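Chemist: Take a look at the following structure, please.
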Amino acid sequence: MSSENPNPSEERNAAIYVAVIDGATYGDLAKRYGISRVRVQKAYARERTNAWEARRQGETTYLDRPIPSDV
C-alpha cells in the first residue's frame with residue numbers, strides 16, 4: 001500500500017506514537033481509541049521501531065517529532 005493512502009490502523013498507530021511522545025499515557029489512549037492498553041503499547045512499539053529505522057538512515061525526526069535519544 002502506498003504511503004499516500006495509509007490504512008486506518010497505520011494512521012492510528014502514528015497518532016499513538018505522536019501522543020505518547022507529547023506526554024499522553026497508554027490508558028488515556030486506550031480510552032480514546034477504544035482498544036486495550038496492550039494494543040496501545042504494541043502500536044507504540046511498532047512506531048518506535050520505525051523511528052529507529054529512520055534514525056539509522058540518518059533522520060533526526062519521525063512523524064514531525066524529534067526521535068527520542070533512547071530509540
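In the C-alpha cells, chains take the letters A, B, ... in the order shown, each chain's residues start at 1, and ligands count up from 1 in the order shown.
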Based on DSSP run over this structure's backbone, return all residues of chain A in strand (DSSP E or B), as a PyMOL selection string.
Modeler: chain A and resi 61-62+65-66
Chemist: Find the residue from A:Ile35, A:Asn13, A:Pro6, A:Val18 that sits nearest to Pro66 (chain A); use only C-alpha atoms when measuring.
Modeler: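 Checking each of A:Ile35, A:Asn13, A:Pro6, A:Val18 against Pro66 (chain A), counting only C-alpha atoms, the winner is A:Val18.
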Chemist: Which residues in chain A does DSSP call alpha helix (DSSP H)? List them as JSON, numbers by chain.
Modeler: {"A": [8, 9, 10, 11, 12, 13, 14, 15, 16, 17, 18, 19, 20, 21, 26, 27, 28, 29, 30, 31, 32, 33, 37, 38, 39, 40, 41, 42, 43, 44, 45, 46, 47, 48, 49, 50, 51, 52, 53, 54, 55, 56]}
Chemist: Please provide the set of residues having any atom within 12 Å of Tyr17 (chain A), restricted to only C-alpha atoms, with same-chain residues fewer than 2 positions apart removed, written as a PyMOL selection string.
Modeler: chain A and resi 10-15+19-26+29+40-51+62-68
Chemist: One decimal, Å: what's the distance from CA of Val71 (chain A) over to CA of Asn7 (chain A), could you say?
Modeler: 24.9 Å
Chemist: CA of Gly34 (chain A) to CA of Ile16 (chain A): how many Å, to one decimal?
Modeler: 12.4 Å
Chemist: Between A:Gly27, A:Ala54, A:Asp70, A:Thr61, single out the one closest to Arg39 (chain A), counting only C-alpha atoms.
Modeler: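 Comparing A:Gly27, A:Ala54, A:Asp70, A:Thr61 against Arg39 (chain A), the winner is A:Gly27.
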